[in-house]
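Engineer: Quick one: the structure is below, and I'll ask about it shortly.
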Amino acid sequence: MNTPESKDNLRRVLAWLDKIGAVSPSRLAAETQMLPQETWGLLNQLSEMGLVIIRDDPDSADGALVIPAPMSMKSLEEKLAGKKDDMLKQTRGE
């Protein structure tokens, strides 16, 4: 389950990606002032959600390039709202 802090970090990462476009994970970590391991964890979550694409990039020190999916911020908000709705339904027994 995502905590409010992790949701904020997901939003922060996507906001930076929307602002600067395709970027290496290490630059994204520096821009968001997050640890590289934390950044990679969030990127993997976002990739599983279909909100970013992680590609091999031999020109990057990380060996990877992160590309935001079209409409990724809107999609994240919809997915987070959907999870909240699902949790409410589960607690109500629906």
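By order in the structure tokens, chains are A, B, ...; within a chain, residues start at 1; ligands start at 1, following the order shown.
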Quick one: residues within 9 Å of A:Ile54, only C-alpha atoms, excluding same-chain residues fewer than 2 positions away - as a list of chain:residue names?
Structural biologist: A:Leu43, A:Asn44, A:Ser47, A:Val52, A:Asp56, A:Ala64, A:Leu65, A:Val66, A:Ile67, A:Pro68
Engineer: Quick one: write out the picked residues with C-alpha atoms as an mmCIF file, in the first residue's frame?
Structural biologist:
```cif
data_model
loop_
_atom_site.group_PDB
_atom_site.id
_atom_site.type_symbol
_atom_site.label_atom_id
_atom_site.label_comp_id
_atom_site.auth_asym_id
_atom_site.auth_seq_id
_atom_site.Cartn_x
_atom_site.Cartn_y
_atom_site.Cartn_z
ATOM 1 C CA LEU A 43 10.547 4.385 -11.158
ATOM 2 C CA ASN A 44 9.896 0.649 -11.013
ATOM 3 C CA SER A 47 6.829 1.507 -14.837
ATOM 4 C CA VAL A 52 6.967 5.637 -17.406
ATOM 5 C CA ASP A 56 18.509 0.833 -21.913
ATOM 6 C CA ALA A 64 19.053 3.624 -18.496
ATOM 7 C CA LEU A 65 16.766 6.376 -19.748
ATOM 8 C CA VAL A 66 13.388 7.154 -18.182
ATOM 9 C CA ILE A 67 10.670 8.402 -20.504
ATOM 10 C CA PRO A 68 7.328 9.684 -19.205
#
```
Engineer: Can you tell me, as a list of chain:residue names, which residues in stretch 13-61 of chain A count as helix (DSSP H, G or I) by DSSP?
Structural biologist: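 Answer for stretch 13-61 of chain A, restricted to helix (DSSP H, G or I): A:Val13, A:Leu14, A:Ala15, A:Trp16, A:Leu17, A:Asp18, A:Lys19, A:Ile20, A:Pro25, A:Ser26, A:Arg27, A:Leu28, A:Ala29, A:Ala30, A:Glu31, A:Thr32, A:Pro36, A:Gln37, A:Glu38, A:Thr39, A:Trp40, A:Gly41, A:Leu42, A:Leu43, A:Asn44, A:Gln45, A:Leu46, A:Ser47, A:Glu48.
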Engineer: Would you list the contacts of A:Leu14 as JSON, numbers by chain, taking every protein, DNA or RNA residue within 12 Å and counting only C-alpha atoms, but skipping same-chain residues closer than 3 positions in sequence?
Structural biologist: {"A": [7, 8, 9, 10, 11, 17, 18, 19, 20, 21, 22, 23, 28, 29, 31, 32, 39, 42, 43, 45, 46, 47, 51, 52, 53, 66, 67, 68, 69, 70, 71, 72, 73, 74, 75, 76, 77]}
Engineer: How would the residues just chosen look if you wrote them out with C-alpha atoms as a PDB file, in the first residue's frame?
Structural biologist:
```pdb
ATOM      1  CA  LYS A   7       2.248   9.113  -3.205  1.00  0.00           C
ATOM      2  CA  ASP A   8       3.797  12.568  -2.897  1.00  0.00           C
ATOM      3  CA  ASN A   9       7.129  11.180  -4.119  1.00  0.00           C
ATOM      4  CA  LEU A  10       5.426   9.497  -7.084  1.00  0.00           C
ATOM      5  CA  ARG A  11       3.814  12.809  -7.975  1.00  0.00           C
ATOM      6  CA  LEU A  17       9.590  14.001 -15.807  1.00  0.00           C
ATOM      7  CA  ASP A  18       6.771  16.083 -17.275  1.00  0.00           C
ATOM      8  CA  LYS A  19       8.970  19.171 -16.874  1.00  0.00           C
ATOM      9  CA  ILE A  20      12.287  17.858 -18.249  1.00  0.00           C
ATOM     10  CA  GLY A  21      11.227  14.879 -20.369  1.00  0.00           C
ATOM     11  CA  ALA A  22      13.427  11.841 -20.888  1.00  0.00           C
ATOM     12  CA  VAL A  23      16.212  11.713 -18.301  1.00  0.00           C
ATOM     13  CA  LEU A  28      16.122  12.527 -11.767  1.00  0.00           C
ATOM     14  CA  ALA A  29      17.365  11.563  -8.284  1.00  0.00           C
ATOM     15  CA  GLU A  31      16.625  16.942  -9.419  1.00  0.00           C
ATOM     16  CA  THR A  32      14.146  15.528  -6.893  1.00  0.00           C
ATOM     17  CA  THR A  39      14.263   6.896  -7.076  1.00  0.00           C
ATOM     18  CA  LEU A  42       9.593   4.719  -7.492  1.00  0.00           C
ATOM     19  CA  LEU A  43      10.547   4.385 -11.158  1.00  0.00           C
ATOM     20  CA  GLN A  45       6.472   1.303  -9.463  1.00  0.00           C
ATOM     21  CA  LEU A  46       5.667   3.890 -12.115  1.00  0.00           C
ATOM     22  CA  SER A  47       6.829   1.507 -14.837  1.00  0.00           C
ATOM     23  CA  LEU A  51       3.303   5.677 -16.367  1.00  0.00           C
ATOM     24  CA  VAL A  52       6.967   5.637 -17.406  1.00  0.00           C
ATOM     25  CA  ILE A  53       9.102   3.659 -19.809  1.00  0.00           C
ATOM     26  CA  VAL A  66      13.388   7.154 -18.182  1.00  0.00           C
ATOM     27  CA  ILE A  67      10.670   8.402 -20.504  1.00  0.00           C
ATOM     28  CA  PRO A  68       7.328   9.684 -19.205  1.00  0.00           C
ATOM     29  CA  ALA A  69       4.281   8.028 -20.733  1.00  0.00           C
ATOM     30  CA  PRO A  70       1.792  10.400 -22.373  1.00  0.00           C
ATOM     31  CA  MET A  71      -0.610  11.925 -19.864  1.00  0.00           C
ATOM     32  CA  SER A  72       1.318  10.351 -16.979  1.00  0.00           C
ATOM     33  CA  MET A  73       0.354  12.868 -14.254  1.00  0.00           C
ATOM     34  CA  LYS A  74      -3.347  12.574 -15.089  1.00  0.00           C
ATOM     35  CA  SER A  75      -3.051   8.795 -15.223  1.00  0.00           C
ATOM     36  CA  LEU A  76      -1.331   8.685 -11.823  1.00  0.00           C
ATOM     37  CA  GLU A  77      -4.064  10.779 -10.216  1.00  0.00           C
TER      38      GLU A  77
END
```
Engineer: Any idea what the distance is between atom CA of A:Ala30 and atom CA of A:Trp16?
Structural biologist: 10.8 Å
Engineer: Any idea what the distance is between atom CA of A:Arg12 and atom CA of A:Gly63?
Structural biologist: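 Distance between the two atoms: 22.5 Å.
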Engineer: Between atom CA of A:Ser24 and atom CA of A:Ala61, what is the distance in Å, rounded to a tenth?
Structural biologist: 8.1 Å
Engineer: Please extract the residues of stretch 46-76 of chain A with a backbone DSSP assignment of strand (DSSP E or B) and present them as a list in words.
Structural biologist: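 Selection result, strand (DSSP E or B) within stretch 46-76 of chain A: Val52, Ile53, Ile54, Arg55, Asp56, Ala64, Leu65, Val66, Ile67 and Pro68 of chain A.
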